[in-house]
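*Asks:* The structure's right below; bear with me while I get my questions together.
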Amino acid sequence: MRFFKTILIVLACCGLTAAPASAGDVLTGWTRLGSVYQRTSLTDGNQAMCAALCDEDARCRSWVWTPPGLEDVDGSCARLAATPAPRRSPQRVTGLTSDIAAQIEAASERPPSAREIAALRATRPGPH
């Protein structure tokens, strides 16, 4: 158990636990900055439509839904070519593509590799 607490501390120090949700969750009240390669106006759209647009696009890695009236007259869907860390942003919604979320979930369920264990041990003070 102590080993897994160490892993969580290392991940937190690296900024890999920025959002309070699991990889596959949609984050309400969060946004992602940078890496936007396309914005689509969705007059009668919603976050599910934005997520579907991203899933259908091979270049898309994450998305941000901005509801109508927040910045634009219409709602908008920003597609991102990367997965920047989420940042708080009231009324916006962000998520990852299904493929990226599945990869993160698969990685979180496997045991750490010998290389990862060695790196974690190197961060602990004292003899190992």
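Ordered as shown in the structure tokens, chains take letters A, B, and onward, while each chain numbers its residues from 1 and ligands are numbered from 1 in the order shown.
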List the spatial neighbours of region 36-51 of chain A as a short mmCIF file (atom, residue, chain, number, x, y, z; two decimals) with N, CA and C atoms, in the first residue's frame - criterion: any atom at most 9 Å away, only C-alpha atoms, same-chain residues fewer than 2 positions off excluded.
*Replies:*
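around_13.cif was written with the following content:
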```cif
data_model
loop_
_atom_site.label_atom_id
_atom_site.label_comp_id
_atom_site.auth_asym_id
_atom_site.auth_seq_id
_atom_site.Cartn_x
_atom_site.Cartn_y
_atom_site.Cartn_z
N LEU A 33 -6.25 24.37 -22.36
CA LEU A 33 -5.70 25.49 -23.12
C LEU A 33 -4.63 25.01 -24.09
N GLY A 34 -4.64 25.57 -25.30
CA GLY A 34 -3.61 25.26 -26.28
C GLY A 34 -3.98 24.07 -27.15
N LEU A 53 -17.72 14.48 -32.35
CA LEU A 53 -16.89 15.08 -33.41
C LEU A 53 -15.42 14.72 -33.19
N CYS A 54 -14.98 14.79 -31.96
CA CYS A 54 -13.59 14.48 -31.64
C CYS A 54 -13.29 13.01 -31.87
N ASP A 55 -14.18 12.13 -31.43
CA ASP A 55 -13.97 10.69 -31.60
C ASP A 55 -13.87 10.29 -33.07
N GLU A 56 -14.58 11.01 -33.94
CA GLU A 56 -14.59 10.69 -35.37
C GLU A 56 -13.38 11.26 -36.11
N CYS A 60 -7.83 14.41 -33.50
CA CYS A 60 -8.32 14.92 -32.22
C CYS A 60 -7.91 14.02 -31.06
N SER A 62 -8.41 15.56 -27.57
CA SER A 62 -9.29 16.04 -26.51
C SER A 62 -10.17 17.15 -27.07
N TRP A 63 -11.17 17.55 -26.32
CA TRP A 63 -12.13 18.53 -26.80
C TRP A 63 -12.60 19.43 -25.66
N VAL A 64 -13.13 20.60 -26.04
CA VAL A 64 -13.70 21.53 -25.06
C VAL A 64 -15.01 22.06 -25.64
N TRP A 65 -16.11 21.90 -24.90
CA TRP A 65 -17.41 22.42 -25.29
C TRP A 65 -17.65 23.72 -24.54
N THR A 66 -17.95 24.79 -25.30
CA THR A 66 -18.31 26.08 -24.73
C THR A 66 -19.79 26.30 -25.04
N PRO A 67 -20.64 26.38 -24.02
CA PRO A 67 -22.08 26.49 -24.27
C PRO A 67 -22.46 27.84 -24.89
N PRO A 68 -23.64 27.90 -25.52
CA PRO A 68 -24.10 29.16 -26.12
C PRO A 68 -24.16 30.28 -25.09
N ASP A 72 -19.57 32.90 -27.44
CA ASP A 72 -20.14 33.06 -28.76
C ASP A 72 -21.67 33.11 -28.66
N VAL A 73 -22.30 33.55 -29.72
CA VAL A 73 -23.76 33.49 -29.78
C VAL A 73 -24.17 32.02 -29.77
N ASP A 74 -23.46 31.21 -30.56
CA ASP A 74 -23.71 29.77 -30.62
C ASP A 74 -22.74 29.06 -29.70
N GLY A 75 -23.04 27.80 -29.41
CA GLY A 75 -22.09 26.98 -28.68
C GLY A 75 -20.94 26.62 -29.61
N SER A 76 -19.80 26.29 -29.05
CA SER A 76 -18.68 25.91 -29.91
C SER A 76 -17.96 24.69 -29.35
N CYS A 77 -17.36 23.96 -30.27
CA CYS A 77 -16.59 22.77 -29.94
C CYS A 77 -15.17 23.00 -30.42
N ALA A 78 -14.23 22.99 -29.50
CA ALA A 78 -12.82 23.12 -29.85
C ALA A 78 -12.21 21.73 -29.84
N ARG A 79 -11.55 21.37 -30.94
CA ARG A 79 -10.85 20.08 -31.01
C ARG A 79 -9.36 20.35 -30.84
N LEU A 80 -8.74 19.56 -29.99
CA LEU A 80 -7.34 19.74 -29.65
C LEU A 80 -6.51 18.56 -30.14
N ALA A 81 -5.30 18.85 -30.59
CA ALA A 81 -4.39 17.82 -31.09
C ALA A 81 -3.53 17.21 -29.98
N ALA A 82 -3.79 17.62 -28.75
CA ALA A 82 -3.03 17.10 -27.60
C ALA A 82 -3.99 16.99 -26.42
N VAL A 93 -16.98 22.43 -20.61
CA VAL A 93 -16.90 20.99 -20.41
C VAL A 93 -15.78 20.46 -21.29
N THR A 94 -14.96 19.56 -20.78
CA THR A 94 -13.87 18.99 -21.56
C THR A 94 -13.82 17.48 -21.38
N GLY A 95 -13.17 16.83 -22.33
CA GLY A 95 -13.01 15.39 -22.24
C GLY A 95 -11.93 14.92 -23.19
N LEU A 96 -11.65 13.63 -23.12
CA LEU A 96 -10.65 12.99 -23.98
C LEU A 96 -11.37 12.11 -24.99
N THR A 97 -10.69 11.78 -26.09
CA THR A 97 -11.28 10.83 -27.01
C THR A 97 -11.40 9.48 -26.31
N SER A 98 -12.27 8.64 -26.82
CA SER A 98 -12.46 7.32 -26.24
C SER A 98 -11.17 6.51 -26.27
#
```
*Asks:* Extract the full set of strand (DSSP E) residues from region 13-100 of chain A according to DSSP on the backbone, and format it as a PyMOL selection string.
*Replies:* chain A and resi 27-32+36-42+62-66+75-80+86-96
*Asks:* Have a look at CA of Arg92 (chain A) and CA of Glu105 (chain A) and let me know their distance in Å, one decimal.
*Replies:*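 Interatomic distance here is 23.8 Å.
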*Asks:* Have a look at CA of Pro86 (chain A) and CA of Trp30 (chain A) and let me know their distance in Å, one decimal.
*Replies:*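 According to the coordinates, CA of Pro86 (chain A) and CA of Trp30 (chain A) are separated by 6.0 Å.
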